[in-house]
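Before any comments, here is the structure.
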Number of protein chains: 2
Amino acid sequence: MRRYAILAPGQFADNAKTAHGVIRYSSDETVAVVDPSCAGRTVRDVLPYLDSSAPVVASVADALRYEPTALLIGTAPKGGKLPPEWRAEILAAIANGLEIVSGLHDMLGADPEFAAAALQQNVAIWDVREPPDVPLFSGAAYDVQAPIVLAVGNDCAVGKMTVMLEFARAARNAGANAEFVPTGQTGIMIAGWGIAVDRVISDFATGACEQLVLEAARRNPEYVLVEGQGAINHPAYAPVTLALLFGCAPDALLLVADVRRTSMDTYGTPMLSYSQLVAIHEELCATVKPARVVGIALNTFGLDEGAAAAEIARARAETSLPADDVVRNGAGDLWNAIAPKLVKRYPLAAKVVA
Amino acid sequence: MRRYAILAPGQFADNAKTAHGVIRYSSDETVAVVDPSCAGRTVRDVLPYLDSSAPVVASVADALRYEPTALLIGTAPKGGKLPPEWRAEILAAIANGLEIVSGLHDMLGADPEFAAAALQQNVAIWDVREPPDVPLFSGAAYDVQAPIVLAVGNDCAVGKMTVMLEFARAARNAGANAEFVPTGQTGIMIAGWGIAVDRVISDFATGACEQLVLEAARRNPEYVLVEGQGAINHPAYAPVTLALLFGCAPDALLLVADVRRTSMDTYGTPMLSYSQLVAIHEELCATVKPARVVGIALNTFGLDEGAAAAEIARARAETSLPADDVVRNGAGDLWNAIAPKLVKRYPLAAKVVA
């Protein structure tokens with residue numbers, strides 16, 4: 001078990017989804033957050049939905065009194081580069097014997113200065129996004145016995161990981177054994193295993209997805225719940241989404257949508273409607289292994305109760321699918337509505353040769 | 001200018017598309033092919049459509065009398081691994097001062113034994129598939145002034161590169177300046193520049209495609225002709241196809257189809273019809289930047305004249321698009337049919353923020 005100090009200077013409140021996910025879902029404890037812009041408050045003061053009394057402090061030096069064992073990089077900037085002004089804080093953490101946990105594309109363990117300091121202090125650097133060597137996709141994923149459910153979304157950072165973690169918990173509450181499959185850095189930090197698919201060489205991305213569902217299957221779950229990535233119409237990240245859609249061999253899809261987005265990420269591409277999203281994912285799956293969208297998890301954060309209920313009703317009416325906000329209303333109802341629809345489907349392939 | 005000996009032991013006749021592409025289209029000369037299984041014949045004897053009198057020999061040692069300056073790895077095996085039994089021939093080439101040119105995923109320049117030998121002999125190793133560092137996709141590709149045409153296909157290895165090279169030549173013959181954009185190892189060997197998109201880290205694959213069309217645009221062409229990769233319904237490689245479809249920001253698509261395939265690669269997935277292929281590519285493009293399929297280049301290799309003509313007529317009737325086999329019948333007619341349709345189209349994005 002780690003005790004985390006989380007580094008997110010200037011960004012904890014608004015732009016630190018890795019920090020928020022780890023504080024909310026990890027079994028590792030967060031003992032302090034480093035962000036001078038809100039130092040002196042608690043996590044709960046800054047973000048009431050994160051039910052934690054951990055203090056926010058101004059520096060790694062100030063965090064040491066809370067006895068962290070690791071410093072976690074709490075943000076996921078575009079392109080995954082380390083802000084240069086964070087180097088001194090990371091070096092301070094290493095100098096004080098803290099393990100470094102990072103989900104950046106920049107591999108901190110390969111940085112000469114960090115590597116030398118870590119060696120000297122006998123400190124580990126866990127670059128969560130560093131992928132293992134994986135084989136090409138073989139089709140072995142088609143033989144997984146448990147139904148595989150993949151989250152797909154209307155954009156990046158809309159709550160696909162959160163929804164699948166809530167479903168895993170709802171399944172456990174209903175007496176079922178559901179395995180959460182992490183496919184990105186925050187999910188890996190929370191679950192302690194997984195592959196950051198966006199970091200895998202393109203030719204091997206479907207193979208990485210296949211290895212993930214095979215690993216989950218070895219734990220003999222009743223359901224495999226795969227965290228999604230990106231969006232199928234995202235101008236930059238859609239290839240990662242398609243790697244999951246084919247490589248994980250899903251039997252069912254769960255659509256996750258942030259209802260307040262009006263355009264895609266920073267690219268200005270218009271959002272697709274719920275029914276357009278259902279159609280394009282099902283059409284792509286129909287070419288390889290059929291899968292249907294079985295439900296819609298809406299992220300209505302920021303709407304009042306009435307507006308949220310109206311949007312949930314609109315999604316149901318537009319698609320004839322079960323829909324709910326699993327954070328606002330709990331995941332039990334939506335899980336119970338979709339669970340009976342989670343049955344195995346089979347690939348179009350007459351044969352699969354690795 | 002290089003003088004190539006091409007290494008393809010046991011595979012030159014049937015399974016060496018890199019060798020065939022380089023012999024056919026590169027301005028570098030192939031002086032010998034190393035394949036003991038057909039040694040003593042010429043390239044033309046083995047494959048009449050490759051109009052070359054270069055000898056096929058049994059070993060690198062036998063090739064030396066033809067004074068090669070480089071050894072090119074002539075195959076593109078699944079997963080890009082070096083067959084271990086080829087090591088001795090590569091070492092023999094290095095020992096004799098030959099440059100090594102390889103499109104494998106295995107990076108020969110990072111292999112300790114090859115690297116040491118190359119250093120000792122002052123020989124270069126060009127790992128064609130090693131990608132440069134590229135930025136994330138920014139949307140800059142949307143500003144390219146020349147119409148961008150992307151080849152899409154009904155499977156891997158159906159002739160997408162060949163068709164675009166033939167179109168570049170047909171355009172030149174028609175007095176137009178068309179820039180061929182290599183996106184895979186063979187194309188890079190032929191054109192001397194490019195990025196193997198399948199080797200790029202998934203998050204950056206669309207960015208790599210964008211950099212390629214920006215590089216082509218700096219040469220002020222009237223048309224940008226992008227080599228395609230994989231297939232949108234390929235169980236393993238579709239993410240690479242989608243990276244090209246979004247990252248290259250094509251204004252028009254050219255469908256390339258091998259008419260004799262009955263299932264996808266080695267995976268057994270059924271082929272899509274011409275009209276299904278047109279529809280799924282256009283639907284995906286419609287979500288980001290609209291593009292239409294403007295023509296169909298059929299690969300009718302192995303059919304007799306009558307059967308080929310019948311299939312070309314069937315493709316035209318099914319899709320109402322111009323269709324032809326540009327290898328069998330020359331590329332001029334199809335190029336002349338599609339060129340007037342190559343006009344700029346614009347992204348749905350209201351704004352693009354890098």
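Simple scheme: letters A, B, ... for chains in structure tokens order, numbers from 1 for residues in each chain, numbers from 1 for ligands in the order shown.
For stretch 230-235 of chain A, the list of residues within 8 Å, based on only C-alpha atoms and with local chain neighbours fewer than 2 positions off taken out, reads Val152, Gly153, Asn154, Asp155, Cys156, Ala157, Gly228, Tyr237, Ala238, Pro239, Val240, Thr241, Leu242, Met264, Asp265, Tyr267, Thr269 and His281 of chain A; Phe137, Thr206, Phe246, Gly247, Leu284, Thr287 and Val288 of chain B.
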Just the selected residues (C-alpha atoms), exported as a tab-separated table (two decimals), in the first residue's frame, please.
chain	number	residue	atom	x	y	z
A	152	VAL	CA	-17.30	4.12	-25.62
A	153	GLY	CA	-17.81	7.85	-25.34
A	154	ASN	CA	-18.84	11.08	-26.99
A	155	ASP	CA	-15.39	12.61	-26.25
A	156	CYS	CA	-12.25	12.22	-24.14
A	157	ALA	CA	-12.48	12.72	-20.38
A	228	GLY	CA	-12.72	3.04	-22.86
A	237	TYR	CA	-7.40	9.92	-30.71
A	238	ALA	CA	-9.98	7.86	-32.62
A	239	PRO	CA	-7.39	5.21	-33.56
A	240	VAL	CA	-7.01	4.30	-29.86
A	241	THR	CA	-10.79	3.99	-29.59
A	242	LEU	CA	-10.89	1.67	-32.61
A	264	MET	CA	-15.05	17.71	-29.46
A	265	ASP	CA	-12.13	18.30	-27.09
A	267	TYR	CA	-10.80	20.58	-32.07
A	269	THR	CA	-15.70	19.09	-34.23
A	281	HIS	CA	-20.11	1.99	-33.18
B	137	PHE	CA	-2.43	16.07	-34.33
B	206	THR	CA	-2.74	10.94	-36.39
B	246	PHE	CA	-8.45	11.32	-39.81
B	247	GLY	CA	-4.79	12.41	-39.57
B	284	LEU	CA	-16.49	7.96	-40.63
B	287	THR	CA	-18.03	12.91	-38.52
B	288	VAL	CA	-14.81	14.97	-38.76
Checklist entry - Where does DSSP see helix (DSSP H, G or I) in stretch 122-324 of chain B, if you list the residues as a VMD selection string? => result chain B and resid 140 to 143 160 to 173 185 to 191 197 to 199 202 to 217 238 to 247 274 to 286 305 to 319
Next on the checklist: Give me, as a list in words, all polymer residues having an atom no more than 6 Å from A:Ile6, counting only C-alpha atoms and skipping those fewer than 3 positions away in the same chain.
Outcome noted: Val33, Val34, Leu71, Leu72, Ile73 and Gly74 of chain A
Item to check | Neighbour list for B:Glu282 as number ranges by chain, cut-off 10 Å, only C-alpha atoms, skip fewer than 2 positions in-chain | outcome: B: 245, 252-253, 276-280, 284-287, 289-293
Any chance you can output those residues with N, CA and C atoms as a short mmCIF file (atom, residue, chain, number, x, y, z; two decimals), in the first residue's frame?
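Once written, result.cif looks like this:
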data_model
loop_
_atom_site.label_atom_id
_atom_site.label_comp_id
_atom_site.auth_asym_id
_atom_site.auth_seq_id
_atom_site.Cartn_x
_atom_site.Cartn_y
_atom_site.Cartn_z
N LEU B 245 -7.07 8.01 -42.02
CA LEU B 245 -8.34 8.58 -42.46
C LEU B 245 -8.61 9.93 -41.79
N ALA B 252 -10.53 13.40 -50.60
CA ALA B 252 -11.13 12.35 -51.44
C ALA B 252 -10.46 11.03 -51.09
N LEU B 253 -11.20 9.95 -51.28
CA LEU B 253 -10.69 8.60 -51.03
C LEU B 253 -10.69 7.82 -52.32
N GLN B 276 -20.45 -1.34 -49.45
CA GLN B 276 -20.28 -1.27 -47.99
C GLN B 276 -18.99 -0.53 -47.64
N LEU B 277 -17.94 -0.79 -48.39
CA LEU B 277 -16.66 -0.10 -48.13
C LEU B 277 -16.79 1.40 -48.37
N VAL B 278 -17.45 1.77 -49.45
CA VAL B 278 -17.67 3.19 -49.72
C VAL B 278 -18.43 3.81 -48.56
N ALA B 279 -19.48 3.15 -48.12
CA ALA B 279 -20.35 3.72 -47.09
C ALA B 279 -19.61 3.91 -45.76
N ILE B 280 -18.89 2.89 -45.32
CA ILE B 280 -18.32 2.99 -43.97
C ILE B 280 -17.20 4.03 -43.91
N LEU B 284 -17.50 7.55 -41.61
CA LEU B 284 -16.49 7.96 -40.63
C LEU B 284 -15.97 9.36 -40.95
N CYS B 285 -15.63 9.60 -42.21
CA CYS B 285 -15.14 10.93 -42.58
C CYS B 285 -16.18 12.01 -42.29
N ALA B 286 -17.44 11.68 -42.49
CA ALA B 286 -18.50 12.67 -42.29
C ALA B 286 -18.56 13.19 -40.86
N THR B 287 -17.98 12.45 -39.91
CA THR B 287 -18.03 12.91 -38.52
C THR B 287 -16.95 13.94 -38.20
N LYS B 289 -14.24 15.35 -41.09
CA LYS B 289 -14.02 16.15 -42.30
C LYS B 289 -14.58 15.33 -43.45
N PRO B 290 -15.63 15.79 -44.09
CA PRO B 290 -16.26 14.97 -45.14
C PRO B 290 -15.30 14.68 -46.30
N ALA B 291 -15.37 13.45 -46.79
CA ALA B 291 -14.62 13.06 -48.00
C ALA B 291 -15.44 11.97 -48.68
N ARG B 292 -15.41 11.96 -50.00
CA ARG B 292 -16.13 10.95 -50.76
C ARG B 292 -15.15 10.02 -51.46
N VAL B 293 -15.57 8.79 -51.66
CA VAL B 293 -14.81 7.88 -52.51
C VAL B 293 -15.05 8.32 -53.95
#
Using all C-alpha atoms paired in order, least-squares fit chain A onto chain B and give me the moved copy as a short mmCIF file (atom, residue, chain, number, x, y, z; two decimals) with C-alpha atoms, in the first residue's frame.
data_model
loop_
_atom_site.label_atom_id
_atom_site.label_comp_id
_atom_site.auth_asym_id
_atom_site.auth_seq_id
_atom_site.Cartn_x
_atom_site.Cartn_y
_atom_site.Cartn_z
CA MET A 1 22.04 6.10 -55.35
CA ARG A 2 22.20 2.66 -53.79
CA ARG A 3 22.89 -0.65 -55.53
CA TYR A 4 20.76 -3.18 -53.67
CA ALA A 5 21.23 -6.82 -52.92
CA ILE A 6 17.81 -7.87 -51.61
CA LEU A 7 17.59 -10.57 -48.94
CA ALA A 8 14.50 -12.79 -49.24
CA PRO A 9 15.57 -16.41 -48.66
CA GLY A 10 12.83 -18.85 -49.58
CA GLN A 11 10.32 -16.03 -50.00
CA PHE A 12 11.17 -14.02 -53.11
CA ALA A 13 8.55 -15.53 -55.38
CA ASP A 14 5.55 -15.43 -53.08
CA ASN A 15 6.05 -13.39 -49.96
CA ALA A 16 8.36 -10.45 -50.53
CA LYS A 17 6.21 -7.42 -51.30
CA THR A 18 8.94 -5.07 -50.10
CA ALA A 19 11.38 -6.60 -52.61
CA HIS A 20 8.82 -6.42 -55.41
CA GLY A 21 7.92 -2.79 -54.70
CA VAL A 22 11.54 -1.64 -54.54
CA ILE A 23 12.51 -3.51 -57.73
CA ARG A 24 9.52 -2.06 -59.55
CA TYR A 25 9.42 1.54 -58.36
CA SER A 26 12.65 2.59 -56.66
CA SER A 27 15.14 4.76 -58.50
CA ASP A 28 17.81 2.74 -56.64
CA GLU A 29 18.98 -0.23 -58.68
CA THR A 30 18.58 -3.83 -57.54
CA VAL A 31 21.67 -5.75 -58.67
CA ALA A 32 20.89 -9.13 -57.08
CA VAL A 33 18.29 -11.00 -55.01
CA VAL A 34 19.39 -13.54 -52.37
CA ASP A 35 17.04 -16.56 -52.33
CA PRO A 36 18.54 -20.07 -52.53
CA SER A 37 15.14 -21.51 -53.52
CA CYS A 38 15.31 -19.85 -56.94
CA ALA A 39 19.04 -19.18 -57.35
CA GLY A 40 20.38 -19.32 -60.90
CA ARG A 41 17.35 -17.60 -62.42
CA THR A 42 16.72 -13.90 -62.99
CA VAL A 43 14.09 -11.72 -61.31
CA ARG A 44 12.17 -11.70 -64.60
CA ASP A 45 12.28 -15.52 -64.79
CA VAL A 46 10.68 -15.76 -61.34
CA LEU A 47 8.22 -12.89 -61.64
CA PRO A 48 7.66 -11.82 -65.25
CA TYR A 49 5.83 -8.62 -64.29
CA LEU A 50 9.03 -7.34 -62.61
CA ASP A 51 10.95 -6.31 -65.70
CA SER A 52 14.47 -6.85 -64.32
CA SER A 53 17.35 -9.05 -65.40
CA ALA A 54 18.96 -8.96 -61.95
CA PRO A 55 20.21 -12.42 -60.93
CA VAL A 56 18.84 -14.41 -58.03
CA VAL A 57 21.72 -15.91 -56.05
CA ALA A 58 22.08 -18.31 -53.14
CA SER A 59 23.90 -16.11 -50.62
CA VAL A 60 25.19 -12.66 -49.81
CA ALA A 61 28.66 -13.98 -50.70
CA ASP A 62 27.42 -14.84 -54.18
CA ALA A 63 25.79 -11.40 -54.52
CA LEU A 64 29.05 -9.52 -53.95
CA ARG A 65 30.27 -10.00 -57.53
CA TYR A 66 27.41 -7.71 -58.66
CA GLU A 67 28.89 -4.92 -56.51
CA PRO A 68 25.94 -4.03 -54.26
CA THR A 69 26.36 -1.08 -51.89
CA ALA A 70 23.48 -2.07 -49.58
CA LEU A 71 21.60 -5.13 -48.37
CA LEU A 72 17.84 -4.59 -48.22
CA ILE A 73 15.61 -6.88 -46.15
CA GLY A 74 13.05 -7.80 -48.78
CA THR A 75 10.15 -9.14 -46.73
CA ALA A 76 7.60 -7.69 -44.32
CA PRO A 77 6.71 -10.56 -41.97
CA LYS A 78 3.76 -10.25 -39.58
CA GLY A 79 4.97 -8.52 -36.45
CA GLY A 80 8.17 -7.47 -38.20
CA LYS A 81 10.50 -9.92 -36.47
CA LEU A 82 13.85 -10.89 -37.99
CA PRO A 83 14.02 -14.61 -38.81
CA PRO A 84 17.01 -15.73 -36.70
CA GLU A 85 18.48 -17.76 -39.56
CA TRP A 86 18.99 -14.50 -41.51
CA ARG A 87 21.48 -13.09 -38.99
CA ALA A 88 24.52 -14.69 -40.58
CA GLU A 89 23.72 -13.19 -44.00
CA ILE A 90 23.26 -9.73 -42.52
CA LEU A 91 26.57 -10.04 -40.66
CA ALA A 92 28.22 -11.17 -43.91
CA ALA A 93 26.87 -8.07 -45.64
CA ILE A 94 28.17 -5.79 -42.89
CA ALA A 95 31.55 -7.55 -42.96
CA ASN A 96 31.74 -6.69 -46.65
CA GLY A 97 30.92 -3.02 -46.11
CA LEU A 98 27.29 -3.05 -47.27
CA GLU A 99 24.79 -0.61 -45.76
CA ILE A 100 21.80 -2.41 -44.19
CA VAL A 101 18.27 -1.21 -45.07
CA SER A 102 15.44 -2.79 -43.07
CA GLY A 103 11.72 -2.19 -42.64
CA LEU A 104 11.26 -4.70 -39.81
CA HIS A 105 9.74 -3.78 -36.46
CA ASP A 106 12.90 -5.30 -34.93
CA MET A 107 15.35 -2.40 -35.06
CA LEU A 108 18.56 -3.83 -36.48
CA GLY A 109 20.54 -0.76 -35.47
CA ALA A 110 19.62 -1.44 -31.84
CA ASP A 111 20.75 -5.08 -32.03
CA PRO A 112 24.05 -5.28 -30.10
CA GLU A 113 25.70 -7.73 -32.52
CA PHE A 114 24.70 -5.80 -35.66
CA ALA A 115 25.48 -2.44 -34.07
CA ALA A 116 28.96 -3.55 -33.02
CA ALA A 117 29.74 -5.02 -36.44
CA ALA A 118 28.43 -1.92 -38.22
CA LEU A 119 30.51 0.34 -36.00
CA GLN A 120 33.62 -1.70 -36.67
CA GLN A 121 33.06 -1.61 -40.46
CA ASN A 122 31.82 1.99 -40.49
CA VAL A 123 28.60 0.78 -42.11
CA ALA A 124 25.21 2.49 -41.73
CA ILE A 125 22.04 0.68 -40.67
CA TRP A 126 18.86 2.39 -41.94
CA ASP A 127 15.87 1.15 -39.93
CA VAL A 128 13.21 2.55 -42.22
CA ARG A 129 10.39 1.90 -39.77
CA GLU A 130 11.97 3.85 -36.88
CA PRO A 131 9.64 6.85 -36.60
CA PRO A 132 10.76 10.37 -35.77
CA ASP A 133 9.32 12.17 -32.76
CA VAL A 134 6.12 13.84 -33.94
CA PRO A 135 3.70 16.22 -32.25
CA LEU A 136 0.06 15.42 -31.54
CA PHE A 137 -2.45 16.07 -34.34
CA SER A 138 -3.21 19.79 -34.32
CA GLY A 139 -5.54 20.34 -37.26
CA ALA A 140 -2.82 22.02 -39.36
CA ALA A 141 -3.47 19.39 -42.04
CA TYR A 142 -6.86 21.01 -42.62
CA ASP A 143 -5.07 24.04 -44.11
CA VAL A 144 -3.19 22.18 -46.86
CA GLN A 145 -4.18 23.87 -50.13
CA ALA A 146 -3.75 20.94 -52.53
CA PRO A 147 -6.45 18.26 -52.61
CA ILE A 148 -5.39 15.27 -50.51
CA VAL A 149 -6.30 11.81 -51.81
CA LEU A 150 -6.00 8.76 -49.53
CA ALA A 151 -6.03 5.15 -50.68
CA VAL A 152 -8.24 2.87 -48.59
CA GLY A 153 -8.54 -0.85 -49.19
CA ASN A 154 -10.52 -4.02 -48.74
CA ASP A 155 -7.55 -5.67 -46.94
CA CYS A 156 -3.80 -5.41 -46.32
CA ALA A 157 -1.41 -5.95 -49.22
CA VAL A 158 -3.94 -5.38 -52.00
CA GLY A 159 -1.97 -2.74 -53.94
CA LYS A 160 -2.69 0.62 -52.27
CA MET A 161 0.93 1.78 -52.62
CA THR A 162 1.19 0.57 -56.20
CA VAL A 163 -1.99 2.38 -57.22
CA MET A 164 -0.84 5.68 -55.72
CA LEU A 165 2.60 5.38 -57.37
CA GLU A 166 0.89 4.67 -60.72
CA PHE A 167 -1.39 7.67 -60.19
CA ALA A 168 1.58 9.92 -59.39
CA ARG A 169 3.11 8.83 -62.69
CA ALA A 170 -0.18 9.27 -64.59
CA ALA A 171 -0.56 12.75 -63.14
CA ARG A 172 2.95 13.66 -64.27
CA ASN A 173 2.15 12.30 -67.73
CA ALA A 174 -0.91 14.57 -67.74
CA GLY A 175 1.28 17.55 -66.83
CA ALA A 176 0.22 17.75 -63.17
CA ASN A 177 2.52 17.74 -60.17
CA ALA A 178 1.35 15.05 -57.75
CA GLU A 179 3.30 14.20 -54.59
CA PHE A 180 3.29 10.58 -53.41
CA VAL A 181 3.23 10.31 -49.60
CA PRO A 182 4.80 7.12 -48.20
CA THR A 183 3.22 5.76 -45.03
CA GLY A 184 4.87 2.33 -44.82
CA GLN A 185 8.31 0.80 -45.08
CA THR A 186 8.31 -0.09 -48.77
CA GLY A 187 6.97 3.32 -49.80
CA ILE A 188 9.68 4.97 -47.70
CA MET A 189 12.39 2.86 -49.35
CA ILE A 190 11.04 3.84 -52.77
CA ALA A 191 10.50 7.55 -52.16
CA GLY A 192 13.35 8.11 -49.72
CA TRP A 193 11.19 9.84 -47.10
CA GLY A 194 8.03 9.19 -45.06
CA ILE A 195 6.93 7.66 -41.77
CA ALA A 196 5.85 4.06 -41.10
CA VAL A 197 2.61 5.02 -39.36
CA ASP A 198 2.10 1.51 -37.99
CA ARG A 199 5.27 1.97 -35.92
CA VAL A 200 4.15 5.25 -34.27
CA ILE A 201 2.84 5.30 -30.67
CA SER A 202 -0.96 5.21 -30.95
CA ASP A 203 -1.59 8.64 -29.40
CA PHE A 204 0.69 10.21 -32.02
CA ALA A 205 -0.37 8.25 -35.11
CA THR A 206 -2.75 10.94 -36.39
CA GLY A 207 -0.02 13.52 -35.69
CA ALA A 208 2.43 11.52 -37.80
CA CYS A 209 -0.08 11.45 -40.67
CA GLU A 210 -0.56 15.20 -40.35
CA GLN A 211 3.22 15.80 -40.49
CA LEU A 212 3.40 13.70 -43.67
CA VAL A 213 0.81 15.75 -45.57
CA LEU A 214 2.36 18.98 -44.28
CA GLU A 215 5.76 17.81 -45.58
CA ALA A 216 4.21 16.97 -48.95
CA ALA A 217 2.50 20.37 -49.05
CA ARG A 218 5.84 22.16 -48.58
CA ARG A 219 6.78 20.80 -52.03
CA ASN A 220 3.85 22.76 -53.53
CA PRO A 221 2.15 19.90 -55.36
CA GLU A 222 -1.17 20.19 -57.18
CA TYR A 223 -2.27 16.90 -55.62
CA VAL A 224 -1.19 14.96 -52.52
CA LEU A 225 -1.52 11.19 -53.01
CA VAL A 226 -1.27 9.26 -49.73
CA GLU A 227 -0.41 5.57 -49.62
CA GLY A 228 -2.98 3.77 -47.46
CA GLN A 229 -2.48 1.05 -44.83
CA GLY A 230 -4.55 -1.89 -43.65
CA ALA A 231 -8.34 -1.83 -43.87
CA ILE A 232 -11.02 -0.17 -41.77
CA ASN A 233 -12.53 -3.55 -40.91
CA HIS A 234 -9.24 -5.36 -40.34
CA PRO A 235 -9.42 -7.05 -36.91
CA ALA A 236 -5.79 -6.17 -36.09
CA TYR A 237 -4.70 -3.18 -38.19
CA ALA A 238 -7.82 -1.02 -38.53
CA PRO A 239 -6.49 1.57 -36.04
CA VAL A 240 -3.66 2.41 -38.46
CA THR A 241 -6.21 2.84 -41.24
CA LEU A 242 -8.28 5.20 -39.08
CA ALA A 243 -5.15 7.20 -38.16
CA LEU A 244 -4.65 7.87 -41.87
CA LEU A 245 -8.35 8.58 -42.46
CA PHE A 246 -8.45 11.33 -39.82
CA GLY A 247 -4.80 12.42 -39.59
CA CYS A 248 -4.21 12.96 -43.31
CA ALA A 249 -7.40 15.04 -43.57
CA PRO A 250 -8.21 13.64 -47.02
CA ASP A 251 -10.49 15.50 -49.41
CA ALA A 252 -11.13 12.35 -51.42
CA LEU A 253 -10.70 8.61 -51.03
CA LEU A 254 -9.68 6.05 -53.59
CA LEU A 255 -10.86 2.52 -52.87
CA VAL A 256 -8.34 -0.21 -53.75
CA ALA A 257 -9.68 -3.76 -53.74
CA ASP A 258 -8.20 -7.15 -54.48
CA VAL A 259 -11.12 -8.82 -56.21
CA ARG A 260 -10.08 -12.38 -55.38
CA ARG A 261 -9.94 -12.08 -51.60
CA THR A 262 -12.76 -13.93 -49.93
CA SER A 263 -11.80 -13.23 -46.33
CA MET A 264 -9.66 -10.74 -44.42
CA ASP A 265 -5.94 -11.45 -44.16
CA THR A 266 -5.48 -14.51 -41.91
CA TYR A 267 -8.45 -13.70 -39.65
CA GLY A 268 -11.28 -15.15 -41.70
CA THR A 269 -13.45 -12.03 -41.42
CA PRO A 270 -15.68 -11.79 -44.51
CA MET A 271 -14.90 -9.08 -47.05
CA LEU A 272 -17.18 -6.07 -47.35
CA SER A 273 -18.80 -5.29 -50.69
CA TYR A 274 -17.66 -2.27 -52.70
CA SER A 275 -20.71 -0.30 -51.65
CA GLN A 276 -20.28 -1.26 -47.98
CA LEU A 277 -16.67 -0.11 -48.13
CA VAL A 278 -17.68 3.19 -49.72
CA ALA A 279 -20.37 3.73 -47.08
CA ILE A 280 -18.32 3.00 -43.97
CA HIS A 281 -15.39 5.18 -44.99
CA GLU A 282 -17.65 8.07 -45.98
CA GLU A 283 -19.65 7.76 -42.72
CA LEU A 284 -16.50 7.97 -40.62
CA CYS A 285 -15.14 10.94 -42.58
CA ALA A 286 -18.52 12.68 -42.30
CA THR A 287 -18.03 12.91 -38.52
CA VAL A 288 -14.81 14.96 -38.77
CA LYS A 289 -14.03 16.15 -42.31
CA PRO A 290 -16.27 14.98 -45.14
CA ALA A 291 -14.63 13.07 -47.99
CA ARG A 292 -16.13 10.97 -50.75
CA VAL A 293 -14.81 7.88 -52.50
CA VAL A 294 -14.09 9.14 -56.03
CA GLY A 295 -13.05 5.94 -57.75
CA ILE A 296 -12.14 2.28 -57.39
CA ALA A 297 -8.83 0.73 -58.37
CA LEU A 298 -9.29 -3.01 -58.70
CA ASN A 299 -6.50 -5.51 -58.38
CA THR A 300 -7.58 -8.24 -60.81
CA PHE A 301 -4.24 -10.07 -60.74
CA GLY A 302 -4.76 -13.70 -61.69
CA LEU A 303 -8.02 -13.19 -63.58
CA ASP A 304 -8.18 -13.56 -67.36
CA GLU A 305 -9.08 -10.53 -69.49
CA GLY A 306 -12.78 -11.34 -69.67
CA ALA A 307 -13.17 -11.99 -65.95
CA ALA A 308 -11.23 -8.82 -65.11
CA ALA A 309 -13.40 -6.71 -67.43
CA ALA A 310 -16.54 -8.23 -65.93
CA GLU A 311 -15.44 -7.44 -62.38
CA ILE A 312 -14.54 -3.87 -63.33
CA ALA A 313 -18.00 -3.47 -64.89
CA ARG A 314 -19.61 -4.94 -61.78
CA ALA A 315 -17.80 -2.48 -59.50
CA ARG A 316 -18.93 0.43 -61.70
CA ALA A 317 -22.52 -0.78 -61.71
CA GLU A 318 -22.61 -1.40 -57.95
CA THR A 319 -21.21 2.00 -56.98
CA SER A 320 -21.73 4.34 -59.95
CA LEU A 321 -18.05 5.23 -59.59
CA PRO A 322 -15.22 5.09 -62.13
CA ALA A 323 -13.32 1.81 -61.73
CA ASP A 324 -10.37 0.16 -63.44
CA ASP A 325 -7.30 -2.01 -62.88
CA VAL A 326 -4.47 0.52 -63.20
CA VAL A 327 -1.75 -2.14 -63.46
CA ARG A 328 -3.51 -4.17 -66.13
CA ASN A 329 -4.93 -1.24 -68.12
CA GLY A 330 -2.68 1.67 -67.20
CA ALA A 331 -3.56 4.43 -64.76
CA GLY A 332 -4.26 7.20 -67.26
CA ASP A 333 -7.96 6.58 -67.81
CA LEU A 334 -8.85 6.24 -64.13
CA TRP A 335 -6.71 9.24 -63.19
CA ASN A 336 -8.41 11.35 -65.86
CA ALA A 337 -11.81 10.23 -64.55
CA ILE A 338 -11.09 11.13 -60.93
CA ALA A 339 -8.87 14.21 -61.29
CA PRO A 340 -11.80 16.59 -61.94
CA LYS A 341 -13.42 15.36 -58.70
CA LEU A 342 -10.39 16.25 -56.57
CA VAL A 343 -11.51 19.45 -54.89
CA LYS A 344 -10.90 20.72 -51.38
CA ARG A 345 -13.37 19.86 -48.65
CA TYR A 346 -13.46 21.42 -45.23
CA PRO A 347 -13.59 20.05 -41.69
CA LEU A 348 -16.68 20.26 -39.55
CA ALA A 349 -14.56 21.99 -36.91
CA ALA A 350 -15.57 25.55 -36.19
CA LYS A 351 -12.16 26.10 -34.68
CA VAL A 352 -8.99 24.11 -34.27
CA VAL A 353 -6.77 24.72 -31.27
CA ALA A 354 -3.44 22.94 -31.26
#
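Secondary structure of stretch 96-229 of chain A, strand (DSSP E or B) only (DSSP, backbone atoms): A:Glu99, A:Ile100, A:Val101, A:Ser102, A:Ile125, A:Trp126, A:Asp127, A:Ile148, A:Val149, A:Leu150, A:Ala151, A:Val152, A:Gly153, A:Ala178, A:Glu179, A:Phe180, A:Val181, A:Ile201, A:Tyr223, A:Val224, A:Leu225, A:Val226.
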